[in-house]
Structures are given as C-alpha cells and as structure tokens.
Amino acid sequence: MDINFYFQIADKAVDEVSKYLLTEFGAIKNFTIKGPSDIQIKEDVEANKIYEKFLKKETPEVLLYTEEGRRQLSDGLVWVVDPIEGTSNFRVGIPFFATTICLIHNKKPLLSIVCAPALKQKFHAITGKGAFLNSKNINRSNQKDLENAMIVVARGRKQEDKIWHAKTVVSLLPKVRTARTLGSAGLEMAYTAAGMLDVYLSRGLEAGGGIYDILPGLLLLKESGCEVVNEKGENFKLGDRILLASNETLVKKVLGVI
C-alpha cells in the first residue's frame, strides 16, 4: 500500500472542501434538526458531496463512511469523513470548526487530516510517522501538575452524556487551572496532540455511529505521544464511551478524580 499516495489524495480533498467552506463562512445559516441536539446545514451536505465525488473518482477501490452521505464500513480500506466538525460554530461564524478525513484499514486509522480553514491550521498524522501542524512536528504537553493544566471536557448528545459532563466539570474544575469546550472534537483533540491543551476528556462522542468524530483526532493523539485510555485506564478502543488523552502523569491524575 502506497500510504503517501493516499495522503496526497486526502490532502487535495481537504483543500477543495476548505476552499468551499471559506467561501460560505461568515453569515448566520438556517438549520434543520437531524436528531437530539444535532443540527444540519446545507453546507454540511454540499461539502460532503465534494468529498464523495472527489474520493470516488480518485480512489474507487476505497469505501466511504461519511457523516452526511454513504455509510460503508468493512475491514478493508475506508475513508471516514466529517465535512464540518463543529457545525454549530460554523453556522454562526465562529471560526472553531474543522473538516476532517481519515483512512482506516481493519477499522484502524492509517492517516488523518484535521483542517481548520478559518484559522489556517492543518493538522495531519500518518501511522508511525508522527503528528504535524502546518507540516511542523507536534508533541503532546509535558505538563505534570494537574493544578496548572488547561483541559477540555467534551460530551456526546444524549441526556446521560450531558449529566456526566456537568458532574465531571464540577469534580475537575477545582483541581485544574482552567477548562475549555471549543465545540469541535476534532480541533480539541488536535490541540491536545499539539500540546496547546494539556488534557482531552470526552464521553459519548461515538454514540450513533459517529466514528468520524473520533478517528481523525485519535491518530493525531497517538502519534503525538499521548496516552489514550478509557475510564478504566485501558487502551481506548472503538466502542468505549470514555476517551481520556494526555501524558501518562496527567492521565493517572485525572483518572484519580473521575
């Protein structure tokens, strides 16, 4: 398998979608309801079409698993795509949104790109080759003191996830320097991979089949040197409801709190 070939295809697809998103970004958009706390805008659908058209033409041998279109999943090669990761932000002109793509094989990520067009930030990772921001190598935070850490606590859309989020923030906030929620799981994971954030903690993002919320950022976290575990401290795997990522020291300290 020529991983560099597939990376170039992914990079071109992301650039094409990013250009489209920037032309549409700014004005407040109308939206429809897809599900509980889940909205859709026409730019989501159009960006998804751009991905599918380009990827089917350039890599017809690869299946597609996208948020707004095809849902094909197998143990072979699959493109996993989220056209707008952070739709609520994009809809009202907040620049914390991304477009993401990941190539998986046997349901494990081989390469991924998380691009924030409005912020001119493009993160990428290739298995075994590290993680990068705008082509410069990135690494996870070396912060060891939880009381000096800046953390993210993210959640899924179910009511139980919201309740967990509130309780977890209450338990963690007195023990850390500050907490953030940016509204884009892909960007939050990318920023943790780059050491901009010290800890990433989430629950329920994969609910409803949303592996596109998890996989692109997951590879970035792992390739940047993060420990990525579930609530038991075991290596995170698809299907786990809790994802915790940081350096080994902070992972142990956060687990001790939650």
# chains A, B, ... in the order shown; residues from 1 in each chain; ligands from 1
$ residues_around --residues "A:Leu22" --least-positions-apart "6" --cutoff "12 Å" --atoms "only C-alpha atoms" --output "PyMOL selection string"
chain A and resi 15-16+43+47+84+90+93+95+97-99+115-120
$ residues_around --residues "A:Ile104" --least-positions-apart "4" --cutoff "8 Å" --atoms "only C-alpha atoms" --output "list in words"
Gly76, Leu77, Val78, Trp79, Val80, Lys108, Pro109, Leu110 and Leu111 of chain A
$ write_last_selection --atoms "C-alpha atoms" --output "mmCIF file, in the first residue's frame"
data_model
loop_
_atom_site.group_PDB
_atom_site.id
_atom_site.type_symbol
_atom_site.label_atom_id
_atom_site.label_comp_id
_atom_site.auth_asym_id
_atom_site.auth_seq_id
_atom_site.Cartn_x
_atom_site.Cartn_y
_atom_site.Cartn_z
ATOM 1 C CA GLY A 76 -10.758 -3.080 4.067
ATOM 2 C CA LEU A 77 -9.820 0.488 3.199
ATOM 3 C CA VAL A 78 -12.423 3.086 4.151
ATOM 4 C CA TRP A 79 -12.397 6.871 4.005
ATOM 5 C CA VAL A 80 -14.008 8.290 7.164
ATOM 6 C CA LYS A 108 -7.655 1.263 12.497
ATOM 7 C CA PRO A 109 -6.530 4.721 11.267
ATOM 8 C CA LEU A 110 -3.616 4.862 8.829
ATOM 9 C CA LEU A 111 -3.639 8.607 8.150
#
$ residues_around --residues "stretch 148-156 of chain A" --least-positions-apart "6" --cutoff "6 Å" --atoms "only C-alpha atoms" --output "list in words"
Val176, Arg177, Thr178, Ala179, Arg180, Thr181, Leu197, Asp198, Val199, Tyr200, Leu201, Ser202, Arg203, Gly204 and Leu205 of chain A
$ select_by_dssp --residues "stretch 14-233 of chain A" --states "helix (DSSP H, G or I)" --output "compact mmCIF listing (two decimals) with C-alpha atoms, in the first residue's frame"
# COMPACT_ATOMS: atom_id res chain seq x y z
CA VAL A 14 -9.40 18.63 2.25
CA ASP A 15 -8.07 21.63 0.32
CA GLU A 16 -11.01 21.51 -2.08
CA VAL A 17 -13.56 21.34 0.74
CA SER A 18 -11.74 24.01 2.75
CA LYS A 19 -11.95 26.45 -0.16
CA TYR A 20 -15.68 25.83 -0.42
CA LEU A 21 -16.22 26.29 3.33
CA LEU A 22 -14.33 29.57 3.40
CA THR A 23 -16.50 30.98 0.62
CA GLU A 24 -19.60 30.12 2.67
CA LYS A 42 -26.83 22.82 3.62
CA GLU A 43 -23.07 23.48 3.68
CA ASP A 44 -22.61 20.17 5.55
CA VAL A 45 -24.35 18.33 2.74
CA GLU A 46 -22.58 20.20 -0.07
CA ALA A 47 -19.14 19.71 1.49
CA ASN A 48 -19.91 16.01 1.89
CA LYS A 49 -20.80 15.80 -1.82
CA ILE A 50 -17.45 17.39 -2.71
CA TYR A 51 -15.62 14.75 -0.68
CA GLU A 52 -17.59 11.84 -2.09
CA LYS A 53 -17.28 12.95 -5.71
CA PHE A 54 -13.53 13.53 -5.45
CA LEU A 55 -12.73 10.38 -3.45
CA LYS A 56 -14.87 8.07 -5.62
CA LYS A 57 -13.10 9.39 -8.71
CA GLU A 58 -9.54 9.21 -7.34
CA THR A 87 -21.29 22.69 12.59
CA SER A 88 -22.86 24.85 15.32
CA ASN A 89 -19.78 27.08 15.33
CA PHE A 90 -19.60 27.30 11.53
CA ARG A 91 -23.31 28.14 11.33
CA PRO A 117 -9.69 26.61 7.30
CA ALA A 118 -10.68 29.85 9.05
CA LEU A 119 -7.71 29.52 11.43
CA LEU A 146 -2.96 18.95 37.27
CA GLU A 147 -3.48 22.27 39.06
CA ASN A 148 -1.60 24.01 36.23
CA GLN A 159 -29.06 13.39 28.05
CA GLU A 160 -26.87 11.00 30.05
CA ASP A 161 -23.78 12.49 28.40
CA LYS A 162 -24.87 15.99 29.39
CA ILE A 163 -25.39 14.91 33.00
CA TRP A 164 -21.96 13.22 33.04
CA HIS A 165 -20.40 16.38 31.60
CA ALA A 166 -21.85 18.62 34.30
CA LYS A 167 -20.77 16.30 37.13
CA THR A 168 -17.29 15.81 35.66
CA VAL A 169 -16.65 19.54 35.19
CA VAL A 170 -17.75 20.16 38.79
CA SER A 171 -15.32 17.50 40.07
CA LEU A 172 -12.37 18.55 37.90
CA LEU A 173 -12.63 22.34 37.79
CA PRO A 174 -11.38 22.97 41.35
CA LYS A 175 -8.33 20.82 40.65
CA ALA A 185 -14.00 17.40 18.94
CA GLY A 186 -11.57 17.18 16.02
CA LEU A 187 -9.95 20.50 16.88
CA GLU A 188 -9.92 19.78 20.61
CA MET A 189 -8.08 16.51 20.02
CA ALA A 190 -5.71 18.18 17.56
CA TYR A 191 -4.90 20.94 20.05
CA THR A 192 -4.23 18.31 22.71
CA ALA A 193 -1.91 16.50 20.31
CA ILE A 211 -16.66 7.33 14.37
CA TYR A 212 -15.91 10.35 12.18
CA ASP A 213 -15.89 12.36 15.44
CA ILE A 214 -13.22 10.10 16.95
CA LEU A 215 -10.86 8.57 14.40
CA PRO A 216 -9.11 11.58 12.77
CA GLY A 217 -8.21 13.09 16.13
CA LEU A 218 -7.40 9.72 17.66
CA LEU A 219 -4.48 9.15 15.31
CA LEU A 220 -3.16 12.66 15.98
CA LEU A 221 -3.25 11.98 19.73
CA LYS A 222 -1.43 8.68 19.45
CA GLU A 223 1.20 9.92 17.01
$ closest_residue --among "A:Leu238, A:Asn230, A:Lys129, A:Ile94" --to "A:Gly183" --atoms "only C-alpha atoms"
A:Ile94
$ select_by_dssp --residues "stretch 50-256 of chain A" --states "strand (DSSP E or B)" --output "ChimeraX atom specification"
/A:63-66,71,77-85,98-105,108-116,121-126,130-133,136-138,150-155,178-180,199-203,227-229,235,242-246
$ write_last_selection --atoms "C-alpha atoms" --output "JSON list (two decimals), in the first residue's frame"
[["chain", "number", "residue", "atom", "x", "y", "z"],
["A", 63, "LEU", "CA", -15.26, 2.60, 0.63],
["A", 64, "LEU", "CA", -16.80, 5.74, 2.16],
["A", 65, "TYR", "CA", -18.13, 6.32, 5.67],
["A", 66, "THR", "CA", -19.29, 9.93, 5.88],
["A", 71, "ARG", "CA", -22.09, 4.64, 5.44],
["A", 77, "LEU", "CA", -9.82, 0.49, 3.20],
["A", 78, "VAL", "CA", -12.42, 3.09, 4.15],
["A", 79, "TRP", "CA", -12.40, 6.87, 4.01],
["A", 80, "VAL", "CA", -14.01, 8.29, 7.16],
["A", 81, "VAL", "CA", -15.17, 11.87, 6.60],
["A", 82, "ASP", "CA", -16.76, 14.64, 8.65],
["A", 83, "PRO", "CA", -17.30, 17.57, 6.24],
["A", 84, "ILE", "CA", -17.81, 20.14, 9.03],
["A", 85, "GLU", "CA", -16.67, 19.16, 12.51],
["A", 98, "ALA", "CA", -12.74, 21.80, 11.06],
["A", 99, "THR", "CA", -13.11, 19.47, 8.14],
["A", 100, "THR", "CA", -11.69, 16.02, 8.79],
["A", 101, "ILE", "CA", -10.75, 12.87, 6.94],
["A", 102, "CYS", "CA", -9.21, 9.60, 7.98],
["A", 103, "LEU", "CA", -8.20, 6.48, 6.04],
["A", 104, "ILE", "CA", -8.75, 3.28, 8.00],
["A", 105, "HIS", "CA", -7.86, -0.37, 7.42],
["A", 108, "LYS", "CA", -7.66, 1.26, 12.50],
["A", 109, "PRO", "CA", -6.53, 4.72, 11.27],
["A", 110, "LEU", "CA", -3.62, 4.86, 8.83],
["A", 111, "LEU", "CA", -3.64, 8.61, 8.15],
["A", 112, "SER", "CA", -5.76, 11.57, 9.09],
["A", 113, "ILE", "CA", -6.13, 15.29, 8.47],
["A", 114, "VAL", "CA", -7.92, 17.81, 10.69],
["A", 115, "CYS", "CA", -8.05, 21.18, 8.95],
["A", 116, "ALA", "CA", -9.38, 24.43, 10.42],
["A", 121, "GLN", "CA", -4.34, 25.33, 10.73],
["A", 122, "LYS", "CA", -3.91, 21.95, 9.11],
["A", 123, "PHE", "CA", -3.05, 19.00, 11.35],
["A", 124, "HIS", "CA", -2.09, 15.63, 9.95],
["A", 125, "ALA", "CA", -0.76, 12.29, 11.10],
["A", 126, "ILE", "CA", 0.43, 9.11, 9.43],
["A", 130, "GLY", "CA", 4.31, 11.38, 13.84],
["A", 131, "ALA", "CA", 1.84, 14.23, 14.03],
["A", 132, "PHE", "CA", 2.15, 17.66, 12.42],
["A", 133, "LEU", "CA", 0.65, 21.15, 12.34],
["A", 136, "LYS", "CA", 5.83, 21.05, 11.57],
["A", 137, "ASN", "CA", 6.14, 18.19, 14.05],
["A", 138, "ILE", "CA", 3.97, 18.45, 17.18],
["A", 150, "MET", "CA", -5.75, 23.53, 30.80],
["A", 151, "ILE", "CA", -8.26, 20.80, 30.00],
["A", 152, "VAL", "CA", -11.16, 20.08, 27.68],
["A", 153, "VAL", "CA", -14.21, 18.13, 28.82],
["A", 154, "ALA", "CA", -16.37, 17.19, 25.81],
["A", 155, "ARG", "CA", -19.56, 15.16, 25.50],
["A", 178, "THR", "CA", -8.87, 26.21, 33.64],
["A", 179, "ALA", "CA", -11.23, 24.28, 31.37],
["A", 180, "ARG", "CA", -12.32, 24.84, 27.78],
["A", 199, "VAL", "CA", -5.89, 17.05, 28.72],
["A", 200, "TYR", "CA", -8.73, 15.89, 26.49],
["A", 201, "LEU", "CA", -11.64, 14.05, 28.12],
["A", 202, "SER", "CA", -14.89, 13.09, 26.42],
["A", 203, "ARG", "CA", -17.89, 10.82, 26.78],
["A", 227, "GLU", "CA", -1.67, 8.12, 26.36],
["A", 228, "VAL", "CA", -5.21, 7.43, 25.11],
["A", 229, "VAL", "CA", -7.32, 5.39, 27.52],
["A", 235, "ASN", "CA", -6.06, 1.49, 25.92],
["A", 242, "ILE", "CA", -14.94, 7.49, 27.67],
["A", 243, "LEU", "CA", -11.81, 8.81, 25.93],
["A", 244, "LEU", "CA", -9.04, 10.39, 28.00],
["A", 245, "ALA", "CA", -5.82, 11.66, 26.42],
["A", 246, "SER", "CA", -2.75, 13.36, 27.85]]
$ atom_distance --atom1 "atom CA of A:Arg157" --atom2 "atom CA of A:Ala27"
25.3 Å
$ atom_distance --atom1 "atom CA of A:Asp2" --atom2 "atom CA of A:Asn134"
22.0 Å
